[in-house]
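A short worksheet on the structure shown next.
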Amino acid sequence: YAKTGKANGLVVHHFHAPERVDVADIRKRLKMTQQDFANTFGFSLPNIKQWEIGARNPSKSARVLLTVIDKQPGAVLAALAAHASVNNR
């Protein structure tokens with residue numbers, strides 16, 4: 001990514017999503033089944049399967065999320081847990 005300045009008092013970053021993401025590697029390092037990975041992070045199971053065999057490439061937004069999951073899985077899980085606890089009140 002490249003830091004580009006401030007907008008409305010916030011620092012703005014431009015992130016270039018990687019062209020390829022090794023979904024199987026990320027999932028296996030997290031010790032998750034395809035079903036668990038899909039359920040945990042909001043992907044469909046057919047997409048996970050197609051991404052892993054190379055039949056399809058994740059969309060840009062999915063590649064960004066997968067990159068964050070790869071680098072900071074705990075942060076993603078914490079954010080999703082916080083969101084779930086707010087919605088379950």
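Residue names in the structure tokens use chain letters A, B, ... in the order shown, residue numbers from 1 in each chain, and ligand numbers from 1 in the order shown.
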Just the residues within 10 Å of Ala62 in chain A, please, counting only C-alpha atoms, with nothing from its chain fewer than 6 positions along; format it as a ChimeraX atom specification.
/A:17,21,43,68
Tell me, as a PDB file with C-alpha atoms, in the first residue's frame, which residues lie within 9 Å of range 73-76 of chain A, counting only C-alpha atoms; anything in the same chain fewer than 6 positions away does not count.
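Below is the file selection-v2.pdb, written as the result:
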ATOM      1  CA  LEU A  30      -5.422 -21.637  10.518  1.00  0.00           C
ATOM      2  CA  PHE A  41     -15.196 -15.492   7.369  1.00  0.00           C
ATOM      3  CA  LEU A  65     -10.038  -9.601   3.144  1.00  0.00           C
TER       4      LEU A  65
END
Would you please give, as a PyMOL selection string, all residues of chain A that DSSP assigns to strand (DSSP E) based on the backbone?
chain A and resi 2-7+10-14
Would you save the residues of that selection, restricted to all heavy atoms, as a PDB file, in the first residue's frame?
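Generated file (selection_6.pdb):
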ATOM      1  N   ALA A   2       0.311   2.359  -0.292  1.00  0.00           N
ATOM      2  CA  ALA A   2       1.056   3.618  -0.297  1.00  0.00           C
ATOM      3  C   ALA A   2       0.270   4.666   0.484  1.00  0.00           C
ATOM      4  O   ALA A   2      -0.909   4.868   0.243  1.00  0.00           O
ATOM      5  CB  ALA A   2       1.271   4.091  -1.730  1.00  0.00           C
ATOM      6  N   LYS A   3       0.913   5.308   1.430  1.00  0.00           N
ATOM      7  CA  LYS A   3       0.283   6.380   2.199  1.00  0.00           C
ATOM      8  C   LYS A   3       0.160   7.600   1.294  1.00  0.00           C
ATOM      9  O   LYS A   3       1.113   7.981   0.635  1.00  0.00           O
ATOM     10  CB  LYS A   3       1.143   6.691   3.423  1.00  0.00           C
ATOM     11  CG  LYS A   3       0.546   7.675   4.370  1.00  0.00           C
ATOM     12  CD  LYS A   3       1.433   7.782   5.603  1.00  0.00           C
ATOM     13  CE  LYS A   3       0.992   8.894   6.493  1.00  0.00           C
ATOM     14  NZ  LYS A   3       1.833   9.016   7.677  1.00  0.00           N
ATOM     15  N   THR A   4      -1.028   8.188   1.250  1.00  0.00           N
ATOM     16  CA  THR A   4      -1.237   9.271   0.294  1.00  0.00           C
ATOM     17  C   THR A   4      -1.642  10.600   0.914  1.00  0.00           C
ATOM     18  O   THR A   4      -1.783  11.571   0.201  1.00  0.00           O
ATOM     19  CB  THR A   4      -2.316   8.889  -0.736  1.00  0.00           C
ATOM     20  OG1 THR A   4      -3.529   8.638  -0.046  1.00  0.00           O
ATOM     21  CG2 THR A   4      -1.901   7.673  -1.521  1.00  0.00           C
ATOM     22  N   GLY A   5      -1.866  10.685   2.188  1.00  0.00           N
ATOM     23  CA  GLY A   5      -2.239  11.964   2.774  1.00  0.00           C
ATOM     24  C   GLY A   5      -3.427  11.856   3.699  1.00  0.00           C
ATOM     25  O   GLY A   5      -3.737  10.788   4.193  1.00  0.00           O
ATOM     26  N   LYS A   6      -4.102  12.989   3.898  1.00  0.00           N
ATOM     27  CA  LYS A   6      -5.231  13.012   4.829  1.00  0.00           C
ATOM     28  C   LYS A   6      -6.497  13.449   4.118  1.00  0.00           C
ATOM     29  O   LYS A   6      -6.469  14.260   3.210  1.00  0.00           O
ATOM     30  CB  LYS A   6      -4.943  13.962   5.983  1.00  0.00           C
ATOM     31  CG  LYS A   6      -3.847  13.482   6.898  1.00  0.00           C
ATOM     32  CD  LYS A   6      -3.748  14.333   8.136  1.00  0.00           C
ATOM     33  CE  LYS A   6      -2.717  13.726   9.068  1.00  0.00           C
ATOM     34  NZ  LYS A   6      -2.803  14.266  10.396  1.00  0.00           N
ATOM     35  N   ALA A   7      -7.602  12.887   4.566  1.00  0.00           N
ATOM     36  CA  ALA A   7      -8.931  13.272   4.076  1.00  0.00           C
ATOM     37  C   ALA A   7      -9.853  13.309   5.282  1.00  0.00           C
ATOM     38  O   ALA A   7      -9.978  12.321   5.995  1.00  0.00           O
ATOM     39  CB  ALA A   7      -9.430  12.270   3.040  1.00  0.00           C
ATOM     40  N   LEU A  10      -8.478  11.972   8.487  1.00  0.00           N
ATOM     41  CA  LEU A  10      -8.027  10.593   8.511  1.00  0.00           C
ATOM     42  C   LEU A  10      -6.866  10.400   7.548  1.00  0.00           C
ATOM     43  O   LEU A  10      -6.828  11.006   6.486  1.00  0.00           O
ATOM     44  CB  LEU A  10      -9.167   9.651   8.094  1.00  0.00           C
ATOM     45  CG  LEU A  10     -10.427   9.697   8.946  1.00  0.00           C
ATOM     46  CD1 LEU A  10     -11.516   8.847   8.314  1.00  0.00           C
ATOM     47  CD2 LEU A  10     -10.137   9.218  10.360  1.00  0.00           C
ATOM     48  N   VAL A  11      -5.940   9.533   7.919  1.00  0.00           N
ATOM     49  CA  VAL A  11      -4.861   9.194   7.003  1.00  0.00           C
ATOM     50  C   VAL A  11      -5.421   8.221   5.972  1.00  0.00           C
ATOM     51  O   VAL A  11      -6.076   7.241   6.323  1.00  0.00           O
ATOM     52  CB  VAL A  11      -3.675   8.553   7.755  1.00  0.00           C
ATOM     53  CG1 VAL A  11      -2.598   8.106   6.775  1.00  0.00           C
ATOM     54  CG2 VAL A  11      -3.104   9.524   8.773  1.00  0.00           C
ATOM     55  N   VAL A  12      -5.192   8.516   4.718  1.00  0.00           N
ATOM     56  CA  VAL A  12      -5.721   7.696   3.633  1.00  0.00           C
ATOM     57  C   VAL A  12      -4.608   6.821   3.074  1.00  0.00           C
ATOM     58  O   VAL A  12      -3.502   7.303   2.820  1.00  0.00           O
ATOM     59  CB  VAL A  12      -6.305   8.580   2.504  1.00  0.00           C
ATOM     60  CG1 VAL A  12      -6.780   7.741   1.341  1.00  0.00           C
ATOM     61  CG2 VAL A  12      -7.420   9.456   3.047  1.00  0.00           C
ATOM     62  N   HIS A  13      -4.904   5.554   2.908  1.00  0.00           N
ATOM     63  CA  HIS A  13      -3.951   4.609   2.325  1.00  0.00           C
ATOM     64  C   HIS A  13      -4.588   4.009   1.079  1.00  0.00           C
ATOM     65  O   HIS A  13      -5.778   3.721   1.071  1.00  0.00           O
ATOM     66  CB  HIS A  13      -3.634   3.473   3.304  1.00  0.00           C
ATOM     67  CG  HIS A  13      -2.984   3.937   4.568  1.00  0.00           C
ATOM     68  ND1 HIS A  13      -1.633   4.099   4.689  1.00  0.00           N
ATOM     69  CD2 HIS A  13      -3.512   4.280   5.763  1.00  0.00           C
ATOM     70  CE1 HIS A  13      -1.351   4.513   5.911  1.00  0.00           C
ATOM     71  NE2 HIS A  13      -2.479   4.633   6.587  1.00  0.00           N
ATOM     72  N   HIS A  14      -3.792   3.823   0.081  1.00  0.00           N
ATOM     73  CA  HIS A  14      -4.247   3.087  -1.099  1.00  0.00           C
ATOM     74  C   HIS A  14      -3.594   1.720  -1.033  1.00  0.00           C
ATOM     75  O   HIS A  14      -2.376   1.615  -0.931  1.00  0.00           O
ATOM     76  CB  HIS A  14      -3.856   3.809  -2.391  1.00  0.00           C
ATOM     77  CG  HIS A  14      -4.677   5.029  -2.630  1.00  0.00           C
ATOM     78  ND1 HIS A  14      -5.873   4.994  -3.289  1.00  0.00           N
ATOM     79  CD2 HIS A  14      -4.477   6.315  -2.265  1.00  0.00           C
ATOM     80  CE1 HIS A  14      -6.379   6.206  -3.335  1.00  0.00           C
ATOM     81  NE2 HIS A  14      -5.552   7.029  -2.715  1.00  0.00           N
TER      82      HIS A  14
END
Quick one: residues within 12 Å of Glu19 in chain A, only C-alpha atoms, excluding same-chain residues fewer than 3 positions away - as an mmCIF file with C-alpha atoms, in the first residue's frame?
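result_34.cif, written as the output of this step:
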data_model
loop_
_atom_site.group_PDB
_atom_site.id
_atom_site.type_symbol
_atom_site.label_atom_id
_atom_site.label_comp_id
_atom_site.auth_asym_id
_atom_site.auth_seq_id
_atom_site.Cartn_x
_atom_site.Cartn_y
_atom_site.Cartn_z
ATOM 1 C CA HIS A 16 -3.146 -2.731 -4.014
ATOM 2 C CA ASP A 22 -3.172 -18.894 -1.722
ATOM 3 C CA ASN A 57 -9.779 -16.094 -8.629
ATOM 4 C CA PRO A 58 -11.277 -14.231 -5.645
ATOM 5 C CA SER A 59 -12.663 -10.756 -6.359
ATOM 6 C CA LYS A 60 -10.518 -7.778 -5.418
ATOM 7 C CA SER A 61 -12.476 -7.187 -2.207
ATOM 8 C CA ALA A 62 -12.204 -10.882 -1.281
ATOM 9 C CA ARG A 63 -8.427 -10.767 -1.943
ATOM 10 C CA VAL A 64 -8.136 -7.778 0.387
ATOM 11 C CA LEU A 66 -8.026 -12.789 2.543
ATOM 12 C CA THR A 67 -4.805 -10.776 2.822
#
Which polymer residues have any atom within 12 Å of an atom of Ala24 in chain A, counting only C-alpha atoms, with same-chain residues fewer than 6 positions away left out, as JSON, numbers by chain?
{"A": [30, 31, 32, 33, 34, 37, 38, 47, 48, 49, 50, 51, 52, 53, 54, 66, 70]}
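Counting from CA of Lys28 in chain A, the distance to CA of Ala84 in chain A is 24.5 Å.
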Hey, what does DSSP flag as alpha helix (DSSP H) within range 2-89 of chain A? Can you give it to me as a count of residues only?
51
Quick check, in Å to one decimal: how far apart do CA of Arg56 in chain A and CA of Ala78 in chain A lie?
28.6 Å
Identify which of the residues A:Gly9, A:Phe15, A:Ile69, A:Ala55 lies closest to Gly42 in chain A, counting only C-alpha atoms when measuring atom-to-atom distances.
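Of all the options, A:Ile69 lies closest to Gly42 in chain A.
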Record the distance separating CA of Gln72 in chain A and CA of Thr40 in chain A, expressed in Å with one decimal.
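For CA of Gln72 in chain A relative to CA of Thr40 in chain A, the distance reads 14.4 Å.
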